[in-house]
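Visitor: One structure, as structure tokens, below. Some questions next.
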Amino acid sequence: MSAEQRTVDTWLGDGAVLATLHLPTIGGATGVVICPPLGYEYSVAYRTLRHLADRLATAGFAAIRFDHAGFGDSMAEPSLDMGARLAAAELRIAGADRIVYLGLGSGALVASRHATDDPGAAGLVLWDPAGSGRAWLRRQSALYTIEVGDVADQAPEGVVEVAGAEFTREFADRIAALDYDASLAERMPVLVAVRESSAGPTLPKALRPAKDAVTVLEVPGHEDSLDMSSILASIPAASVTVVTDWMRRSFAVGDGVLRVPAPVTTAVVGDLVEELVRFGPHDLFGIVTRHAWSGSGSWEAPAVVLHNGSAEHRVGATRHQVELARRLAMRGIRSLRFDRRGTGESTPVDAHEPSMLFTQAWLDDHAAAVDYLDLPRERLGVVGMCVGGWIGLVSRPESARFVAALALNDHRVVPQEPLVHRPESGAQELAPALRDRLVAGAKRHLPSGLLAALASRGVLRFAEPNLRRALAAGTDVVVLLGPEDAAVWRAHGGPAAERRLRRSGSGSGARARARGSLTVVERASGDHALYSPGIRSAALDLSVELAVREFGLAEAGSPISAGRLRPERG
């Protein structure tokens with residue numbers, strides 16, 4: 001059967017866990033709890049899991065996606081039990097009388113555990129499953145080491161860092177202890193969907209005793225999904241079809257009508273309030289975070305728009321945007337973190353959707369966020385990481401009192417068109433390399449005015465124009481650079497631009513006072529993605545200190561890291 005679907009974004013467990021239900025208009029007797037992977041895998045798989053849930057609901061299944069407690073946007077303490085348990089209960093309340101647990105990557109370990117513990121479980125899908133908890137943790141730790149390289153900061157005592165997440169040692173030990181239960185195949189249908197391999201399908205070791213009792217299918221496309229950066233990752237549409245078709249063959253969906261639960265859009269946990277919102281012409285999804293005492297006057301409080309980097313959803317690398325939002329709230333500052341088009345919960349998922357990185361669409365999405373908050377510039381700021389910092393500088397800088405550009409490493413002036421990634425051949429890769437050498441030579445010898453003109457036409461990237469425009473609008477700008485970002489900053493003429501911009505703003509009179517100030521902070525350690533704890537902590541501290549100072553909520557403390565304090569406006 002084929003059915004339309006309805007989606008419901010909601011908090012579960014009094015705000016402990018954020019979830020989205022995908023409910024068919026007809027059917028839904030079988031519900032699917034989709035257990036997400038952890039860390040960076042979740043960031044790159046987010047749209048894939050949305051696409052799967054859409055396909056399942058269209059096929060008549062009720063599906064639910066969720067953030068594990070303590071991860072993503074969820075507000076409870078870290079747990080691999082609470083999210084799936086609450087999700088299954090929500091499906092049962094809606095009317096699903098059979099529950100199938102489905103997990104992708106490391107989420108397969110969680111799905112297997114809940115299928116074992118839930119006496120009402122009717123099936124299990126292990127989709128591109130991790131080999132074991134210990135194997136997954138070892139691999140993710142290695143990926144973290146490769147990603148941060150020799151610029152890593154030392155992890156705090158008792159903390160384990162992996163790509164895109166950090167765990168306490170105790171929690172990491174619990175992950176390492178996870179494995180599969182081969183006896184489940186005696187109780188329920190089990191699908192193990194593994195990557196295509198010339199050597200044939202490979203089951204996780206713990207499942208090999210049940211190889212004749214489980215269904216094993218090879219699925220394509222996962223090398224370009226979980227193993228890629230979010231900029232290049234694609235949705236494995238053929239794999240989604242394989243899983244959906246197996247579900248259709250294995251479980252009935254019925255012809256009843258589910259109860260659509262009323263969404264819980266506001267969560268109050270302690271002193272924090274988080275509200276799920278939709279806004280703008282493209283119905284963008286966001287979360288407003290504020291302090292509970294702000295009450296009915298919350299919309300008058302100063303606010304910060306938070307932009308994530310890359311093509312990832314709103315939580316940020318190692319959840320830094322969630323932490324930043326909650327720290328700002330404790331200082332009386334609201335924040336809006338949201339999904340730009342083509343990310344997270346915003347806009348429908350297309351299996352072949354293009355990358356919207358550095359596009360005009362994302363600049364327009366920021367403008368929609370500014371319009372939604374509807375604040376005078378004195379009460380609005382922007383904090384953005386990577387492309388998020390670029391967006392803050394380029395889109396409506398005159399609407400914000402300040403922009404903090406964290407890990408800024410792209411200084412293009414002209415937005416690019418949406419891109420569909422196509423691997424290039426080796427011969428074709430010579431042209432960009434030659435172009436980069438020519439551009440580097442030009443930047444050493446051409447005057448800054450000509451470089452700015454070329455940048456404004458999209459011929460090259462040059463740090464000065466975006467900064468100059470924001471400063472001329474009266475916006476204070478703080479740029480945080482790690483070692484990789486600093487190298488790009490120098491290659492794009494950043495230090496010379498900084499000197500020129502400081503000179504042009506050092507005069508006297510009304511014009512000089514109306515200009516914004518520029519602070520550039522370089523760190524000797526830390527990676528671009530903010531996985532490394534030292535630079536991530538510095539980014540959070542800088543952002544909170546800047547917002548408190550700019551909004552006049554407290555006396556200014558020590559200078560912003562190694563940067564200079566901005567001069568007071570007259």
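Labels for the structure tokens follow display order: chains A, B, ..., residues from 1 in each chain, ligands from 1.
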Find the nearest atom pair between each residue of stretch 319-377 of chain A and stretch 394-404 of chain A for residues within 10 Å, count only C-alpha atoms, give distances in Å to one decimal, sort rows by chain and ascending number, and present the table as CSV.
Guide:
residue,atom,partner,partner_atom,distance
A:Gln360,CA,A:Ser395,CA,9.1
A:Trp362,CA,A:Ser395,CA,8.9
A:Leu363,CA,A:Ser395,CA,5.3
A:Asp364,CA,A:Ser395,CA,7.4
A:Asp365,CA,A:Ser395,CA,9.1
A:His366,CA,A:Ser395,CA,6.8
A:Ala367,CA,A:Arg396,CA,6.5
A:Val370,CA,A:Ser399,CA,7.5
A:Asp371,CA,A:Ser399,CA,9.5
A:Asp374,CA,A:Ser399,CA,9.7
A:Leu375,CA,A:Ser399,CA,8.5
A:Pro376,CA,A:Ser399,CA,7.3
A:Arg377,CA,A:Ala400,CA,4.6
Visitor: Excluding A:Gly254 and any residue of its chain fewer than 5 positions from it, enumerate the residues within 9 Å of it, using only C-alpha atoms, and give them as a PyMOL selection string.
Guide: chain A and resi 26-30+60
Visitor: Identify which of the residues A:Leu518, A:Ala57, A:Leu373, A:Leu124 lies closest to A:Arg187, counting only C-alpha atoms when measuring atom-to-atom distances.
Guide: A:Leu124
Visitor: Looking at A:Ile231, A:Ala301, A:Ala62, A:Ala491, which one is nearest to A:Leu380, with distances taken over only C-alpha atoms?
Guide: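 Closest to A:Leu380 of all the choices is A:Ala301.
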Visitor: Write out as a list of chain:residue names which residues come within 6 Å of stretch 532-535 of chain A when counting only C-alpha atoms, dropping same-chain ones fewer than 2 positions away.
Guide: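 That gives A:Ala152, A:Asp153, A:Gly526, A:Leu530, A:Ser537, A:Ala538.
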Visitor: So how far away is atom CA of A:Ala233 from atom CA of A:Thr48, in Å?
Guide: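 So the answer is 9.8 Å.
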Visitor: Let's see if you can do this: from backbone DSSP, list all strand (DSSP E or B) residues in stretch 118-254 of chain A, as a list in words.
Guide: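 The residues of stretch 118-254 of chain A classed as strand (DSSP E or B) are Ala121, Ala122, Gly123, Leu124, Val125, Leu126, Trp127, Val159, Val160, Glu161, Val162, Ala165, Glu166, Phe167, Thr168, Val190, Leu191, Val192, Ala193, Val194, Arg195, Thr215, Val216, Leu217, Glu218 and Val219 of chain A.
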Visitor: Go ahead and dump the residues you just picked, C-alpha atoms, as an mmCIF file, in the first residue's frame.
Guide:
data_model
loop_
_atom_site.group_PDB
_atom_site.id
_atom_site.type_symbol
_atom_site.label_atom_id
_atom_site.label_comp_id
_atom_site.auth_asym_id
_atom_site.auth_seq_id
_atom_site.Cartn_x
_atom_site.Cartn_y
_atom_site.Cartn_z
ATOM 1 C CA ALA A 121 9.496 -6.357 20.037
ATOM 2 C CA ALA A 122 8.391 -7.845 16.712
ATOM 3 C CA GLY A 123 11.477 -7.411 14.541
ATOM 4 C CA LEU A 124 14.989 -6.037 14.174
ATOM 5 C CA VAL A 125 16.829 -4.305 11.321
ATOM 6 C CA LEU A 126 20.604 -3.892 11.579
ATOM 7 C CA TRP A 127 21.524 -1.446 8.812
ATOM 8 C CA VAL A 159 36.940 12.081 28.895
ATOM 9 C CA VAL A 160 37.120 10.050 25.676
ATOM 10 C CA GLU A 161 37.062 12.050 22.433
ATOM 11 C CA VAL A 162 35.798 10.532 19.188
ATOM 12 C CA ALA A 165 31.293 13.387 20.261
ATOM 13 C CA GLU A 166 32.873 13.113 23.662
ATOM 14 C CA PHE A 167 32.051 10.591 26.368
ATOM 15 C CA THR A 168 32.925 10.104 29.972
ATOM 16 C CA VAL A 190 15.951 -10.075 11.701
ATOM 17 C CA LEU A 191 17.445 -8.249 8.718
ATOM 18 C CA VAL A 192 21.174 -7.607 8.574
ATOM 19 C CA ALA A 193 21.808 -5.170 5.707
ATOM 20 C CA VAL A 194 25.551 -5.030 5.082
ATOM 21 C CA ARG A 195 27.727 -3.197 2.597
ATOM 22 C CA THR A 215 18.137 -12.423 6.462
ATOM 23 C CA VAL A 216 21.383 -11.013 5.104
ATOM 24 C CA LEU A 217 21.209 -8.525 2.230
ATOM 25 C CA GLU A 218 23.941 -6.461 0.647
ATOM 26 C CA VAL A 219 23.128 -2.771 0.210
#
